[in-house]
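Take a look at the structure below.
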Amino acid sequence: MAKNDVKLLGAWPSPFVLRVRVALNIKSVKYEFLEETMAPKSELLLQSNPVYKKIPVLIHGDKPICESQVIVQYIDEAWASGPSILPSDPCDRAIHRFWALYLDETWFPTMKGLLAVQGEERKPLMDQLSEGIVLLEEAFGKCSKGKAFFGGDGIGFLDIVFGCFLGWLRVSEKITGLKLLDEAKTPRLVKWAESFCADAAVKGIMPETDKLLEFARALAAKMREAPPKN
Amino acid sequence: MAEEVLVFGAWGSPFSRRVEMALKLKGIEYKYIEEDLTNKSPSLLKYNPVHKKIPVLVHNGKPVAESLVILEYIDETWKDHPILPKDPYERANARFWAKFIDEKCLSAIFKACWGACWGEEKEHEKAEIEHEKAVKEVSELLQFLENELKEKRYFGGETVGLLDIAANTIGYWLGVFEEASGVELLTREKFPKLCNWANEFVCVTAIKENLPPRDKLIAYFRNRFGAGNASK
């Protein structure tokens, strides 16, 4: 398929965009990456995602697909001949989807909250994130069935959804000086994180923690100056 | 093989009703367990320790939580009367809009119906402005769904699909919220397609049999949230 049949509207710091890139890599799909500055948002972005006006947007042919988890599942189904991203068993699929929802609706919003506050306000949020990590360590034990990833031998849906948060997880650890992934408490996830970041589909596109940290600090400064939004 | 399907739900919840609607559509027998959400059963806490919420589907002892996750599980496990289309793009579309309904619509609807009553600003003028904003937001959201329906009978096409089931909050509960709070949101003049769809939706047997009694639901919401935001 010609490279420009698949376009991805994204931005390098976004963990959600990273998910789509990892999924496309797993399927060996060539695509054109259109970096969005987000200020202002491009016409193409506003047209292809009128509901949320957010990245990532995958444009396949002329069809836009939005929302990273929806996009990753689409990639899995549209390029069915490549390695599978969702597991084949409905029970396992449900488990991956459940934790994926938990990460996006509960866990990551707490992390965003953490990055927006200062000093002492951070500790309770960090604790909440830690509790979540412990749940995920348990889930990993059940999902991986002794293998390297939530998806088994290869990266699966939950690996992508969670793994793409690792950059921001490391930023949170640096900012607070507290650990989320810990050899003592979450040994399996520590090993998993290494395997995920070293995987061919991820290496080379995972943003460096220091770059993300710089970006986070600049963003926080901008938000402190800006007038409150609705 | 003897199959055991349990559904933990609450009579007034659109989320647990979704699960029942899907099972009914596929002709799957199940045992329903009504949960008292003020006094959750040990079973519920065991099957959904992370969120401690309904609905939970338990299939041969294995729990599945989160209504949209459950709907996909049901579709993948019982192949009769599929609720998701085969085409990957159409599937993505259904998933996108189902998520949209849950993430954006319900909270916006609540705000429009009861928002200012909860807020700290009881000053009439401020509350009025907030209320108008909230109603406008719901209007914009409903417009997206109106446009998505196009000329289809159901969101799923000729038959009820996952998106129709997910839209039960719009197809039935929205009308209940409107009546309980006195706020008009889904008007026929603005949203003729959506109104037609809602009428068709509630007539489908598998759906109709799983709608909680309207009066009881209205009374419940009035009781819980007050008389609502209608211009006083």
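For the structure tokens, the naming scheme is as follows: chains receive sequential letters (A, B, ...) according to their order of presentation, residues are indexed from 1 within each chain, and ligands are indexed from 1 in presentation order.
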Next on the checklist: Using only C-alpha atoms and a cut-off of 9 Å, which residues of chain A sit close to chain B? Please list them as an MDAnalysis selection string.
Outcome noted: chainID A and resid 51 63 65:67 70:71 73:78 89:91 93:95 97:98 101:102 135
Next on the checklist: I'd like the contact shell of Asp36 in chain B - 10 Å cut-off, only C-alpha atoms, skipping same-chain residues fewer than 2 positions apart - returned as a ChimeraX atom specification.
Outcome noted: /B:9-11,33-34,38-41
Selection file, N, CA, C and O atoms, as a short mmCIF file (atom, residue, chain, number, x, y, z; two decimals), in the first residue's frame:
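Output file again-v5.cif follows:
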data_model
loop_
_atom_site.label_atom_id
_atom_site.label_comp_id
_atom_site.auth_asym_id
_atom_site.auth_seq_id
_atom_site.Cartn_x
_atom_site.Cartn_y
_atom_site.Cartn_z
N GLY B 9 -26.75 -6.05 38.45
CA GLY B 9 -27.19 -4.75 37.94
C GLY B 9 -28.02 -3.99 38.94
O GLY B 9 -28.18 -4.39 40.09
N ALA B 10 -28.53 -2.86 38.46
CA ALA B 10 -29.46 -2.05 39.26
C ALA B 10 -30.60 -1.66 38.35
O ALA B 10 -30.37 -1.26 37.20
N TRP B 11 -31.83 -1.76 38.84
CA TRP B 11 -33.01 -1.63 37.98
C TRP B 11 -33.04 -0.35 37.16
O TRP B 11 -33.53 -0.32 36.05
N ILE B 33 -29.10 -10.43 39.13
CA ILE B 33 -29.01 -10.14 40.57
C ILE B 33 -29.07 -8.63 40.76
O ILE B 33 -28.21 -7.89 40.28
N GLU B 34 -30.14 -8.19 41.43
CA GLU B 34 -30.32 -6.76 41.69
C GLU B 34 -29.44 -6.37 42.86
O GLU B 34 -29.48 -6.99 43.93
N THR B 38 -26.40 0.98 47.88
CA THR B 38 -26.02 1.54 49.16
C THR B 38 -25.49 0.45 50.10
O THR B 38 -24.98 0.73 51.18
N ASN B 39 -25.62 -0.79 49.64
CA ASN B 39 -25.20 -1.91 50.47
C ASN B 39 -24.74 -3.04 49.55
O ASN B 39 -25.44 -4.03 49.38
N LYS B 40 -23.56 -2.86 48.95
CA LYS B 40 -23.12 -3.76 47.89
C LYS B 40 -22.82 -5.15 48.42
O LYS B 40 -22.24 -5.31 49.50
N SER B 41 -23.20 -6.14 47.63
CA SER B 41 -23.05 -7.53 48.06
C SER B 41 -21.58 -7.95 48.02
O SER B 41 -20.80 -7.41 47.23
#
Item to check | Surrounding residues of Pro64 in chain A excluding itself and chain neighbours under 4 positions, 8 Å, only C-alpha atoms, as a VMD selection string | outcome: chain A and resid 48 to 49 57 to 60
Next on the checklist: I need the residue nearest Thr186 in chain A from this list: A:Gly132, A:Gly152, A:Gly61, A:Gly146. Use only C-alpha atoms for the distance.
Outcome noted: A:Gly132
Next on the checklist: List the spatial neighbours of range 179-186 of chain B as a list in words - criterion: any atom at most 9 Å away, only C-alpha atoms, same-chain residues fewer than 5 positions off excluded.
Outcome noted: Ile109, Ala112, Cys113, Trp114, Val135, Val138, Ser139, Leu142, Ile170, Leu174, Phe191, Pro192, Leu194, Cys195, Leu217, Ile218, Ala219, Tyr220, Phe221, Arg222, Phe225, Gly226, Ala227, Gly228, Asn229, Ala230 and Ser231 of chain B
Kindly export the residues of the current selection with C-alpha atoms, as a PDB file, in the first residue's frame.
ATOM      1  CA  ILE B 109     -27.184  16.157  30.154  1.00  0.00           C
ATOM      2  CA  ALA B 112     -28.249  20.845  31.895  1.00  0.00           C
ATOM      3  CA  CYS B 113     -30.981  19.191  33.946  1.00  0.00           C
ATOM      4  CA  TRP B 114     -29.653  19.587  37.442  1.00  0.00           C
ATOM      5  CA  VAL B 135     -28.271  23.294  27.309  1.00  0.00           C
ATOM      6  CA  VAL B 138     -26.122  19.174  25.015  1.00  0.00           C
ATOM      7  CA  SER B 139     -27.597  20.532  21.785  1.00  0.00           C
ATOM      8  CA  LEU B 142     -27.012  15.658  20.174  1.00  0.00           C
ATOM      9  CA  ILE B 170     -30.294   8.975  24.796  1.00  0.00           C
ATOM     10  CA  LEU B 174     -32.848  11.275  28.419  1.00  0.00           C
ATOM     11  CA  PHE B 191     -33.549  16.482  16.216  1.00  0.00           C
ATOM     12  CA  PRO B 192     -36.200  14.782  14.061  1.00  0.00           C
ATOM     13  CA  LEU B 194     -32.919  11.172  16.737  1.00  0.00           C
ATOM     14  CA  CYS B 195     -36.531  11.399  17.937  1.00  0.00           C
ATOM     15  CA  LEU B 217     -37.602   6.155  37.147  1.00  0.00           C
ATOM     16  CA  ILE B 218     -38.901   9.738  37.002  1.00  0.00           C
ATOM     17  CA  ALA B 219     -39.833   9.597  40.661  1.00  0.00           C
ATOM     18  CA  TYR B 220     -36.403   8.220  41.521  1.00  0.00           C
ATOM     19  CA  PHE B 221     -34.540  11.021  39.737  1.00  0.00           C
ATOM     20  CA  ARG B 222     -36.798  13.746  41.080  1.00  0.00           C
ATOM     21  CA  PHE B 225     -31.690  15.280  42.338  1.00  0.00           C
ATOM     22  CA  GLY B 226     -34.560  17.602  43.030  1.00  0.00           C
ATOM     23  CA  ALA B 227     -37.009  19.350  40.761  1.00  0.00           C
ATOM     24  CA  GLY B 228     -34.371  20.405  38.280  1.00  0.00           C
ATOM     25  CA  ASN B 229     -33.253  23.384  36.270  1.00  0.00           C
ATOM     26  CA  ALA B 230     -36.424  24.302  34.467  1.00  0.00           C
ATOM     27  CA  SER B 231     -37.056  28.072  34.480  1.00  0.00           C
TER      28      SER B 231
END
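Residues within 9 Å of range 172-184 of chain A, counting only C-alpha atoms and excluding same-chain residues fewer than 5 positions away, are Met111, Leu114, Leu115, Gly119, Arg122, Lys123, Met126, Asp127, Leu129, Ser130, Ile133, Gly167, Leu189, Val190, Lys191, Ala193 and Leu213 of chain A.
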Taking all heavy atoms for each residue, export the selection above as a compact mmCIF listing (two decimals), in the first residue's frame.
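Output (out-v3.txt):
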# COMPACT_ATOMS: atom_id res chain seq x y z
N MET A 111 -2.50 11.11 37.04
CA MET A 111 -1.14 11.55 36.71
C MET A 111 -1.16 12.98 36.17
O MET A 111 -0.29 13.79 36.51
CB MET A 111 -0.52 10.62 35.68
CG MET A 111 0.90 11.05 35.32
SD MET A 111 1.79 9.80 34.40
CE MET A 111 2.13 8.63 35.71
N LEU A 114 -1.42 15.21 39.02
CA LEU A 114 -0.14 15.28 39.72
C LEU A 114 0.79 16.29 39.06
O LEU A 114 1.45 17.08 39.73
CB LEU A 114 0.52 13.90 39.69
CG LEU A 114 1.94 13.84 40.26
CD1 LEU A 114 1.90 13.37 41.69
CD2 LEU A 114 2.80 12.90 39.44
N LEU A 115 0.83 16.27 37.74
CA LEU A 115 1.73 17.15 37.00
C LEU A 115 1.30 18.61 37.07
O LEU A 115 2.08 19.51 36.81
CB LEU A 115 1.86 16.68 35.54
CG LEU A 115 2.48 15.29 35.37
CD1 LEU A 115 2.28 14.76 33.96
CD2 LEU A 115 3.97 15.32 35.71
N GLY A 119 4.53 20.58 45.09
CA GLY A 119 4.91 20.22 46.46
C GLY A 119 4.10 19.12 47.12
O GLY A 119 3.95 18.03 46.60
N ARG A 122 1.30 16.74 45.78
CA ARG A 122 1.64 15.64 44.88
C ARG A 122 1.57 14.28 45.55
O ARG A 122 1.22 13.28 44.90
CB ARG A 122 3.04 15.84 44.31
CG ARG A 122 3.10 16.95 43.30
CD ARG A 122 4.51 17.16 42.83
NE ARG A 122 4.54 18.11 41.73
CZ ARG A 122 5.60 18.81 41.38
NH1 ARG A 122 6.72 18.66 42.05
NH2 ARG A 122 5.55 19.65 40.37
N LYS A 123 1.93 14.25 46.84
CA LYS A 123 2.09 12.94 47.51
C LYS A 123 0.84 12.07 47.44
O LYS A 123 0.92 10.91 47.04
CB LYS A 123 2.58 13.15 48.96
CG LYS A 123 2.79 11.86 49.76
CD LYS A 123 4.19 11.31 49.59
CE LYS A 123 4.48 9.93 50.14
NZ LYS A 123 3.43 9.10 50.63
N MET A 126 0.40 10.68 44.04
CA MET A 126 1.42 9.67 43.77
C MET A 126 1.01 8.35 44.43
O MET A 126 1.19 7.28 43.84
CB MET A 126 2.76 10.17 44.30
CG MET A 126 3.98 9.63 43.59
SD MET A 126 4.04 9.95 41.81
CE MET A 126 5.62 9.17 41.44
N ASP A 127 0.47 8.45 45.63
CA ASP A 127 0.01 7.24 46.34
C ASP A 127 -1.08 6.54 45.55
O ASP A 127 -1.09 5.32 45.42
CB ASP A 127 -0.51 7.59 47.74
CG ASP A 127 0.62 7.98 48.70
OD1 ASP A 127 1.79 7.65 48.38
OD2 ASP A 127 0.34 8.61 49.74
N LEU A 129 -1.56 6.69 42.35
CA LEU A 129 -0.94 6.09 41.17
C LEU A 129 -0.24 4.78 41.54
O LEU A 129 -0.31 3.80 40.81
CB LEU A 129 0.07 7.05 40.54
CG LEU A 129 -0.52 8.28 39.86
CD1 LEU A 129 0.59 9.21 39.40
CD2 LEU A 129 -1.39 7.89 38.68
N SER A 130 0.42 4.79 42.70
CA SER A 130 1.10 3.58 43.19
C SER A 130 0.14 2.44 43.40
O SER A 130 0.43 1.30 43.04
CB SER A 130 1.80 3.86 44.52
OG SER A 130 3.05 4.40 44.29
N ILE A 133 -0.68 0.97 40.19
CA ILE A 133 0.43 0.16 39.66
C ILE A 133 0.42 -1.23 40.29
O ILE A 133 0.68 -2.23 39.62
CB ILE A 133 1.78 0.85 39.91
CG1 ILE A 133 1.86 2.12 39.07
CG2 ILE A 133 2.93 -0.08 39.62
CD1 ILE A 133 2.19 1.89 37.62
N GLY A 167 6.86 6.89 29.43
CA GLY A 167 7.61 8.14 29.39
C GLY A 167 7.11 9.10 30.46
O GLY A 167 7.88 9.67 31.24
N LEU A 189 6.57 -5.73 36.55
CA LEU A 189 6.36 -4.57 35.68
C LEU A 189 7.69 -3.87 35.35
O LEU A 189 7.84 -3.31 34.26
CB LEU A 189 5.38 -3.57 36.31
CG LEU A 189 3.92 -3.98 36.28
CD1 LEU A 189 3.05 -2.88 36.87
CD2 LEU A 189 3.45 -4.31 34.88
N VAL A 190 8.64 -3.93 36.27
CA VAL A 190 9.95 -3.34 35.99
C VAL A 190 10.57 -4.04 34.78
O VAL A 190 11.03 -3.40 33.83
CB VAL A 190 10.89 -3.44 37.22
CG1 VAL A 190 12.32 -3.12 36.83
CG2 VAL A 190 10.43 -2.52 38.32
N LYS A 191 10.51 -5.36 34.83
CA LYS A 191 11.07 -6.15 33.72
C LYS A 191 10.27 -5.90 32.44
O LYS A 191 10.83 -5.74 31.35
CB LYS A 191 11.00 -7.63 34.12
CG LYS A 191 11.90 -8.52 33.34
CD LYS A 191 12.34 -9.77 34.12
CE LYS A 191 13.30 -10.60 33.27
NZ LYS A 191 12.65 -11.18 32.08
N ALA A 193 8.59 -3.26 31.60
CA ALA A 193 8.86 -1.92 31.06
C ALA A 193 10.13 -1.95 30.20
O ALA A 193 10.16 -1.34 29.12
CB ALA A 193 8.99 -0.92 32.19
N LEU A 213 10.35 15.74 30.18
CA LEU A 213 10.41 16.51 31.42
C LEU A 213 10.48 18.00 31.10
O LEU A 213 9.77 18.81 31.69
CB LEU A 213 11.65 16.07 32.21
CG LEU A 213 11.82 16.63 33.62
CD1 LEU A 213 10.58 16.35 34.46
CD2 LEU A 213 13.04 16.03 34.29
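Here CA of Glu130 in chain B is placed at a distance of 21.4 Å from CA of Gly175 in chain B.
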Item to check | Point-to-point distance from CA of His131 in chain B to CA of Ser107 in chain B, Å rounded to tenths | outcome: 13.3 Å
